[in-house]
Amino acid sequence: MPGPKDIVKTTCPRDCYDGCGIAVIRRDGRISKVVGDPDHPTSRGALCGKCALAYNGVFLDPAARLTQPLVRSGPKGGGQFRPVPWDEAIGRVTDRFKAIVAETGGHAIVHAHYTGTCSMLAGGFPMRFFHRLGATEVEPDSICNNAGHVALGYVLGTSADGFDPRTAKDTACILVWGANPSASAPHAHKHWLQETPAKVVVIDPVRHATAAEADLHLQPRPGTDAALAFAMLHVLRRDGLIDRAFLDAHTVGWDEIEALLEPCTPAWAAVASGVPAERIEQAARLYAAGPALLWLGQGLQRQRQGGNIFRACAALAAARGNFGKPGAGLYYLNGGRSRGIDSRTVNAPRLKTPDYPASFSQMDLTRRLEDEAATRAFVTWNINPAASSPEQARLHRTLTRESLYNVAIDIFPTDTTAFADVVLPAASFLEFDDLAKSYFHLTLGAQAKCQEPPGEALPNQEIFRRLARGMGWTEPELFEDDASIIAHILKRSVFATDFATLKAKGWMIPPGPVIMFADLKFPTPSGRIELASAAAEADGHPRVPQPWFDAPTEGGRLRLLSPADVWLMNDLYFNEPKIASKLGPEPIVMFHPSDARRLNIGEGDAIELGNATGTLAARARIGDAVPEGTLLSHKGRWPGRERQRRNVNALNPGQKSDMGESSCVHGIEVTARRRATT
Ligand SMILES: Nc1nc2c(c(=O)[nH]1)N[C@H]1C(S)=C(S)[C@@H](COP(=O)(O)OP(=O)(O)OC[C@H]3O[C@@H](n4cnc5c(=O)[nH]c(N)nc54)[C@H](O)[C@@H]3O)O[C@H]1N2
Ligand SMILES: Nc1nc2c(c(=O)[nH]1)N[C@H]1C(S)=C(S)[C@@H](COP(=O)(O)OP(=O)(O)OC[C@H]3O[C@@H](n4cnc5c(=O)[nH]c(N)nc54)[C@H](O)[C@@H]3O)O[C@H]1N2
Ligand code: SF4
Ligand SMILES: [Mo]
């Protein structure tokens with residue numbers, strides 16, 4: 001006889017625009033099925049395909065999970081471990097940390113983390129420990145979106161206050177620039193973009209599903225978007241479509257941009273970008289047809305001049321006065337402000353040691369780990385750099401250094417945990433209470449515990465409370481329990497609520513649409529939109545964005561894009577058998593027909609990509625979803641599950657973009673050839 005059935009509402013905490021509401025069907029207090037919450041405005045009863053498989057698959061399979069603390073029992077990097085009790089694991093780690101602090105200082109302990117889970121406590125509470133330890137943080141956003149953050153910081157004073165998607169009902173045009181909602185925001189693709197009365201324009205080198213379904217798709221060569229933005233500004237100016245009253249009242253530096261516009265004709269940009277001039281004209285006209293929304297994607301800024309590109313694109317929104325009114329705005333990310341949530345409540349930066357060290361870029365990770373004097377221990381949590389970081393072969397070699405003490409915290413055994421000296425098993429989002437806020441919609445969701453974690457796995461927060469105890473520390477914030485932090489956040493939020501109330505409904509949203517910058521005050525030094533920025537100039541950038549573009553590749557090299565895969569979530573889900581079988585035994589690389597012809601490569605051929613950083617074996621696919629000179633191969637396969645023991649980051653030199661020492665992973669160049677083997 002099946003036991004009593006109940007439904008728990010929770011929220012997906014993946015690093016995904018959608019922030020879906022989830023309904024977990026339980027029997028006897030055990031999860032029997034994880035589905036989309038039918039009452040949630042985004043998920044509307046359906047999870048994305050990848051989560052529908054993984055949340056009912058590997059996430060619930062104790063055999064696939066880490067369930068006990070492990071210590072290394074073989075050669076470093078060999079992946080051999082033996083289980084130990086929690087006390088022993090904590091004792092080993094804290095003994096080593098105490099010795100390093102005494103001999104070298106906390107800064108010699110480097111920790112990397114990112115958005116493996118975006119829930120507030122599991123994503124932020126461990127920072128309390130590292131602040132108190134005085135450890136060196138690998139700058140988290142530098143693997144993903146820091147160039148965009150820095151650029152919008154110059155222009156708007158913040159990068160975390162985007163338009164409210166609900167304002168789409170009032171807009172004439174949605175311009176999706178360098179984002180791929182059909183993969184990275186599947187519900188926004190399926191519902192939001194379908195239901196809006198607005199025209200949808202997509203600017204992306206890849207003709208993905210969102211681009212194919214748009215009213216207009218511009219398909220530029222990668223890294224040429226600032227030229228497009230300048231040409232669109234040229235058209236707006238030529239045709240009298242500039243909102244001069246807005247520019248005069250609310251911006252600084254328009255005249256300096258205007259002085260650059262004359263030569264930036266659509267014909268000039270067509271040569272620069274490969275986009276026909278009439279399409280650029282069309283895009284400018286559609287964008288100027290009324291209030292418009294500009295979605296600046298994360299892919300857009302993962303280019304060598306990604307920061308400059310962002311400043312140029314943002315100027316378009318200013319030139320049309322697209323701020324402070326319904327149906328207008330620009331979006332990169334939505335932080336907690338409109339929900340009255342401050343992440344410092346969780347992170348407690350006040351615990352920082354007096355000599356708290358500066359962070360460094362993820363692009364410098366390998367070099368930093370190679371430096372024996374600078375780095376004696378490496379801790380990873382919510383991140384899998386052995387799969388996601390650049391310079392993969394060199395990083396893997398470095399992680400086997402005997403004098404580098406590796407501690408990895410994850411829910412699954414991964415490429416990174418394989419290199420660890422100590423592995424600590426984390427509970428998944430289905431196994432503890434937390435809060436999760438979408439970074440697109442303004443929803444705040446309850447993440448509710450649905451069942452006990454498998455084996456001895458513990459939420460990140462509890463792992464770091466135990467580590468703090470092992471260090472012998474006494475600051476109460478290091479031991480604060482989850483319920484009290486959650487209660488504190490909710491009480492002070494705009495919802496002024498408690499967890500039981502939020503959990504019963506599943507999610508809350510402030511009344512809206514919220515109008516972005518409604519008071520037309522911007523948190524910049526001048527209080528206006530800074531099209532010209534003294535701060536940027538002081539940091540070594542031009543005062544205003546420039547009409548720069550990357551030249552086409554030379555010497556037979558091709559530009560390789562490796563954005564989000566529909567079936568993977570960064571480096572999660574490749575261990576889900578149903579997903580792995582969809583993705584096949586080898587990476588797929590898409591070629592434009594003319595490049596394939598030139599290289600004598602046919603559909604399905606075994607190929608090899610290579611550059612000075614490494615090589616990658618793959619299978620060719622041929623189609624005009626990519627422009628000439630550009631290749632596409634999605635991120636997120638697991639090196640350890642490949643015959644070749646590597647993924648696309650074997651080709652990633654870790655070059656930095658122009659701002660924020662951030663990744664320009666879509667700027668990689670490679671050569672391609674047919675492999676002898678089939
Ligand atoms: N299914 C799935 N969803 C995900 C993720 C995932 O791995 N899988 N990852 C999550 C994470 S961490 C992030 S950061 C977001 C990222 O999601 P997005 O913001 O959508 O960013 P990307 O997937 O990197 O790239 C988006 C698009 O940028 C385009 N692009 C690359 N270079 C250029 C350029 O020079 N100009 C223009 N105009 N476009 C360019 C790519 O072709 C790609 O189609 O997605 C999140 N959601
Ligand atoms: N070639 C290429 N490389 C890229 C990119 C690209 O576009 N192309 N994109 C970059 C981007 S945008 C990003 S954001 C990074 C992402 O790279 P990563 O941050 O390394 O990848 P994630 O898959 O987000 O997750 C990291 C790990 O967190 C674990 N995890 C999940 N939940 C929990 C939890 O509750 N506790 C703990 N301790 N662990 C948990 C997962 O199991 C996973 O192993 O990759 C970057 N790498
Ligand atoms: S990953 Fe994104 S689309 Fe999939 S269930 Fe989670 S929030 Fe929804
Ligand atoms: Mo990301």
# chains A, B, ... in the order shown; residues from 1 in each chain; ligands from 1
call {"tool": "closest_atom_pairs", "arguments": {"of": "chain A", "to": "ligand 3", "cutoff": "7 Å", "atoms": "only C-alpha atoms and all ligand atoms", "output": "tab-separated table"}}
result
residue	atom	partner	partner_atom_place_in_ligand_line	distance
A:Cys12	CA	ligand 3	6 (Fe)	4.6
A:Pro13	CA	ligand 3	6 (Fe)	6.6
A:Arg14	CA	ligand 3	1 (S)	5.3
A:Cys16	CA	ligand 3	2 (Fe)	4.6
A:Tyr17	CA	ligand 3	2 (Fe)	6.4
A:Asp18	CA	ligand 3	7 (S)	4.5
A:Gly19	CA	ligand 3	7 (S)	3.9
A:Cys20	CA	ligand 3	7 (S)	4.1
A:Ser43	CA	ligand 3	8 (Fe)	6.3
A:Leu47	CA	ligand 3	5 (S)	4.4
A:Cys48	CA	ligand 3	4 (Fe)	4.2
A:Lys50	CA	ligand 3	4 (Fe)	6.5
A:Cys51	CA	ligand 3	4 (Fe)	5.2
A:Ala185	CA	ligand 3	3 (S)	5.9
A:Pro186	CA	ligand 3	3 (S)	5.4
A:His187	CA	ligand 3	3 (S)	6.1
A:Met569	CA	ligand 3	1 (S)	6.9
call {"tool": "select_by_dssp", "arguments": {"residues": "segment 28-263 of chain A", "states": "strand (DSSP E)", "output": "VMD selection string"}}
result
chain A and resid 30 to 36 70 to 72 81 to 83 109 to 113 136 to 139 173 to 177 199 to 203 216 to 218 251 to 252
call {"tool": "closest_residue", "arguments": {"among": "A:Arg401, A:Arg311, A:Arg237, A:Arg643", "to": "Pro542 of chain A", "atoms": "only C-alpha atoms"}}
result
A:Arg311
call {"tool": "residues_near_ligand", "arguments": {"ligand": "ligand 2", "cutoff": "6 Å", "atoms": "only C-alpha atoms and all ligand atoms", "output": "PyMOL selection string"}}
result
chain A and resi 114-117+122+143-144+381-385+388-389+409-412+414+426-429+460+562-563+569-572+635+648-649+665
call {"tool": "residues_around", "arguments": {"residues": "Val201 of chain A", "least_positions_apart": "6", "cutoff": "9 Å", "atoms": "only C-alpha atoms", "output": "list in words"}}
result
Cys173, Ile174, Leu175, Val176, Trp177, Ala211, Ala214, Asp215, Leu216, His217, Leu218, Ala283, Leu286 and Tyr287 of chain A
call {"tool": "write_last_selection", "arguments": {"atoms": "C-alpha atoms", "output": "short mmCIF file (atom, residue, chain, number, x, y, z; two decimals), in the first residue's frame"}}
result
data_model
loop_
_atom_site.label_atom_id
_atom_site.label_comp_id
_atom_site.auth_asym_id
_atom_site.auth_seq_id
_atom_site.Cartn_x
_atom_site.Cartn_y
_atom_site.Cartn_z
CA CYS A 173 10.45 45.96 -29.27
CA ILE A 174 12.50 43.43 -27.36
CA LEU A 175 16.10 43.32 -28.53
CA VAL A 176 17.86 40.16 -27.31
CA TRP A 177 21.55 40.81 -27.81
CA ALA A 211 16.88 33.74 -33.22
CA ALA A 214 12.39 36.22 -33.93
CA ASP A 215 10.91 38.89 -36.20
CA LEU A 216 14.45 39.84 -37.18
CA HIS A 217 17.79 38.08 -36.65
CA LEU A 218 21.12 39.82 -37.19
CA ALA A 283 16.91 46.71 -36.42
CA LEU A 286 12.29 48.40 -34.87
CA TYR A 287 14.19 49.43 -31.75
#
call {"tool": "residues_around", "arguments": {"residues": "Val35 of chain A", "least_positions_apart": "2", "cutoff": "10 Å", "atoms": "only C-alpha atoms", "output": "MDAnalysis selection string"}}
result
chainID A and resid 9 21:25 33 37:38 43 45:48 51:52 55:56
call {"tool": "residues_near_ligand", "arguments": {"ligand": "ligand 1", "cutoff": "8 Å", "atoms": "only C-alpha atoms and all ligand atoms", "output": "number ranges by chain"}}
result
A: 14-17, 50, 115, 144-145, 177-181, 183-186, 203-208, 219-225, 296-303, 306, 561-571, 632, 635-636, 666-667
call {"tool": "write_last_selection", "arguments": {"atoms": "C-alpha atoms", "output": "short mmCIF file (atom, residue, chain, number, x, y, z; two decimals), in the first residue's frame"}}
result
data_model
loop_
_atom_site.label_atom_id
_atom_site.label_comp_id
_atom_site.auth_asym_id
_atom_site.auth_seq_id
_atom_site.Cartn_x
_atom_site.Cartn_y
_atom_site.Cartn_z
CA ARG A 14 20.21 26.67 -10.76
CA ASP A 15 22.15 29.53 -12.38
CA CYS A 16 19.29 30.06 -14.84
CA TYR A 17 17.27 33.13 -15.75
CA LYS A 50 17.24 18.85 -18.46
CA THR A 115 26.83 29.33 -8.84
CA CYS A 144 31.23 34.37 -16.30
CA ASN A 145 30.09 37.97 -16.49
CA TRP A 177 21.55 40.81 -27.81
CA GLY A 178 24.00 37.95 -27.21
CA ALA A 179 21.73 35.77 -25.08
CA ASN A 180 20.15 32.48 -26.06
CA PRO A 181 16.92 32.12 -24.10
CA ALA A 183 18.82 27.26 -24.02
CA SER A 184 19.56 29.47 -21.04
CA ALA A 185 16.05 30.75 -20.22
CA PRO A 186 13.76 28.13 -21.75
CA ILE A 203 21.54 39.78 -32.51
CA ASP A 204 23.64 36.64 -32.25
CA PRO A 205 26.22 34.90 -34.44
CA VAL A 206 24.29 31.67 -33.82
CA ARG A 207 20.88 31.06 -35.34
CA HIS A 208 19.52 29.34 -32.24
CA GLN A 219 23.95 37.29 -37.43
CA PRO A 220 27.23 39.15 -36.91
CA ARG A 221 30.72 37.78 -36.72
CA PRO A 222 31.61 37.41 -33.02
CA GLY A 223 33.11 40.45 -31.32
CA THR A 224 31.76 43.01 -33.80
CA ASP A 225 28.74 44.23 -31.82
CA LEU A 296 22.21 42.26 -22.89
CA GLY A 297 23.19 38.59 -22.72
CA GLN A 298 26.13 37.15 -20.89
CA GLY A 299 27.46 35.65 -24.11
CA LEU A 300 27.77 39.15 -25.57
CA GLN A 301 30.40 40.28 -23.09
CA ARG A 302 32.51 37.09 -23.23
CA GLN A 303 34.60 38.75 -25.90
CA GLY A 306 33.21 42.73 -24.15
CA LEU A 561 31.90 29.77 -29.51
CA SER A 562 31.08 27.43 -26.61
CA PRO A 563 27.86 28.75 -25.02
CA ALA A 564 25.17 27.05 -22.94
CA ASP A 565 23.87 23.65 -24.03
CA VAL A 566 20.12 23.00 -23.97
CA TRP A 567 20.64 19.72 -22.09
CA LEU A 568 23.33 20.75 -19.63
CA MET A 569 23.49 23.27 -16.83
CA ASN A 570 27.08 24.45 -16.98
CA ASP A 571 28.95 21.45 -15.62
CA LEU A 632 29.97 26.28 -32.30
CA LYS A 635 30.06 23.82 -22.94
CA GLY A 636 29.56 21.39 -20.10
CA HIS A 666 33.82 33.23 -26.95
CA GLY A 667 37.01 34.77 -28.34
#
call {"tool": "residues_around", "arguments": {"residues": "Leu502 of chain A", "least_positions_apart": "3", "cutoff": "9 Å", "atoms": "only C-alpha atoms", "output": "list in words"}}
result
Leu444, Gly445, Ala446, Leu490, Thr497, Asp498, Phe499, Lys505, Gly506, Trp507 and Met508 of chain A
call {"tool": "write_last_selection", "arguments": {"atoms": "all heavy atoms", "output": "compact mmCIF listing (two decimals), in the first residue's frame"}}
result
# COMPACT_ATOMS: atom_id res chain seq x y z
N LEU A 444 10.73 35.79 -5.63
CA LEU A 444 11.54 35.19 -4.57
C LEU A 444 10.86 33.89 -4.21
O LEU A 444 9.64 33.86 -3.96
CB LEU A 444 11.58 36.10 -3.34
CG LEU A 444 12.26 35.48 -2.11
CD1 LEU A 444 13.76 35.29 -2.34
CD2 LEU A 444 12.02 36.32 -0.86
N GLY A 445 11.61 32.78 -4.22
CA GLY A 445 11.01 31.48 -3.96
C GLY A 445 11.52 30.86 -2.68
O GLY A 445 12.65 31.10 -2.25
N ALA A 446 10.66 30.06 -2.09
CA ALA A 446 11.12 29.23 -0.97
C ALA A 446 11.81 28.01 -1.56
O ALA A 446 11.31 27.41 -2.50
CB ALA A 446 9.93 28.77 -0.13
N LEU A 490 13.70 37.49 5.30
CA LEU A 490 12.30 37.63 4.87
C LEU A 490 11.61 38.79 5.59
O LEU A 490 10.80 39.51 4.99
CB LEU A 490 11.54 36.32 5.10
CG LEU A 490 11.91 35.19 4.12
CD1 LEU A 490 11.14 33.92 4.47
CD2 LEU A 490 11.63 35.60 2.68
N THR A 497 7.68 38.97 5.36
CA THR A 497 6.95 37.73 5.62
C THR A 497 7.81 36.76 6.43
O THR A 497 8.90 37.13 6.90
CB THR A 497 6.50 37.11 4.27
OG1 THR A 497 5.63 36.03 4.55
CG2 THR A 497 7.67 36.64 3.42
N ASP A 498 7.30 35.53 6.58
CA ASP A 498 8.10 34.49 7.25
C ASP A 498 8.15 33.26 6.35
O ASP A 498 7.42 33.17 5.36
CB ASP A 498 7.51 34.14 8.62
CG ASP A 498 6.08 33.69 8.53
OD1 ASP A 498 5.78 32.82 7.69
OD2 ASP A 498 5.24 34.24 9.28
N PHE A 499 9.01 32.33 6.72
CA PHE A 499 9.27 31.21 5.81
C PHE A 499 8.04 30.32 5.62
O PHE A 499 7.79 29.85 4.51
CB PHE A 499 10.46 30.38 6.30
CG PHE A 499 10.97 29.42 5.27
CD1 PHE A 499 11.54 29.87 4.09
CD2 PHE A 499 10.86 28.04 5.46
CE1 PHE A 499 12.01 28.99 3.12
CE2 PHE A 499 11.32 27.15 4.49
CZ PHE A 499 11.90 27.62 3.31
N LYS A 505 2.94 29.32 -0.20
CA LYS A 505 2.63 29.84 -1.54
C LYS A 505 3.66 29.39 -2.56
O LYS A 505 3.37 29.19 -3.73
CB LYS A 505 2.58 31.37 -1.48
CG LYS A 505 2.28 32.01 -2.82
CD LYS A 505 1.67 33.39 -2.66
CE LYS A 505 1.59 34.18 -3.95
NZ LYS A 505 0.92 33.51 -5.05
N GLY A 506 4.89 29.21 -2.11
CA GLY A 506 5.98 28.78 -2.99
C GLY A 506 6.84 29.93 -3.45
O GLY A 506 8.05 29.82 -3.55
N TRP A 507 6.21 31.07 -3.74
CA TRP A 507 6.94 32.21 -4.30
C TRP A 507 6.16 33.49 -4.05
O TRP A 507 4.96 33.45 -3.81
CB TRP A 507 7.10 32.01 -5.81
CG TRP A 507 5.78 31.78 -6.47
CD1 TRP A 507 5.10 30.60 -6.55
CD2 TRP A 507 4.93 32.77 -7.07
NE1 TRP A 507 3.89 30.79 -7.17
CE2 TRP A 507 3.76 32.10 -7.51
CE3 TRP A 507 5.06 34.14 -7.30
CZ2 TRP A 507 2.71 32.77 -8.15
CZ3 TRP A 507 4.02 34.81 -7.95
CH2 TRP A 507 2.86 34.12 -8.37
N MET A 508 6.87 34.60 -4.11
CA MET A 508 6.22 35.91 -4.02
C MET A 508 6.89 36.84 -5.03
O MET A 508 8.02 36.60 -5.45
CB MET A 508 6.39 36.50 -2.61
CG MET A 508 5.62 35.73 -1.55
SD MET A 508 5.70 36.55 0.04
CE MET A 508 4.74 35.36 1.03
call {"tool": "select_by_dssp", "arguments": {"residues": "segment 177-348 of chain A", "states": "alpha helix (DSSP H)", "output": "PyMOL selection string"}}
result
chain A and resi 181-184+186-187+193-195+209-213+225-238+244-250+254-261+266-273+277-287+306-319+344-347
call {"tool": "closest_residue", "arguments": {"among": "A:Ser594, A:Ser662, A:Leu260, A:Arg44", "to": "ligand 4", "atoms": "only C-alpha atoms and all ligand atoms"}}
result
A:Ser662
call {"tool": "residues_around", "arguments": {"residues": "segment 516-525 of chain A", "least_positions_apart": "6", "cutoff": "9 Å", "atoms": "only C-alpha atoms", "output": "VMD selection string"}}
result
chain A and resid 153 to 158 161 to 164 250 323 to 326 328 to 330 535
call {"tool": "closest_residue", "arguments": {"among": "A:Ile489, A:Leu399, A:Leu333, A:Leu152", "to": "Ala312 of chain A", "atoms": "only C-alpha atoms"}}
result
A:Leu152
call {"tool": "closest_residue", "arguments": {"among": "A:Gly106, A:Pro354, A:Pro140, A:Gly79", "to": "ligand 4", "atoms": "only C-alpha atoms and all ligand atoms"}}
result
A:Pro140
call {"tool": "residues_around", "arguments": {"residues": "Met471 of chain A", "least_positions_apart": "2", "cutoff": "8 Å", "atoms": "only C-alpha atoms", "output": "ChimeraX atom specification"}}
result
/A:94-95,98,467-469,473
call {"tool": "atom_distance", "arguments": {"atom1": "atom CA of Ala536 of chain A", "atom2": "atom CA of Glu661 of chain A"}}
result
14.2 Å
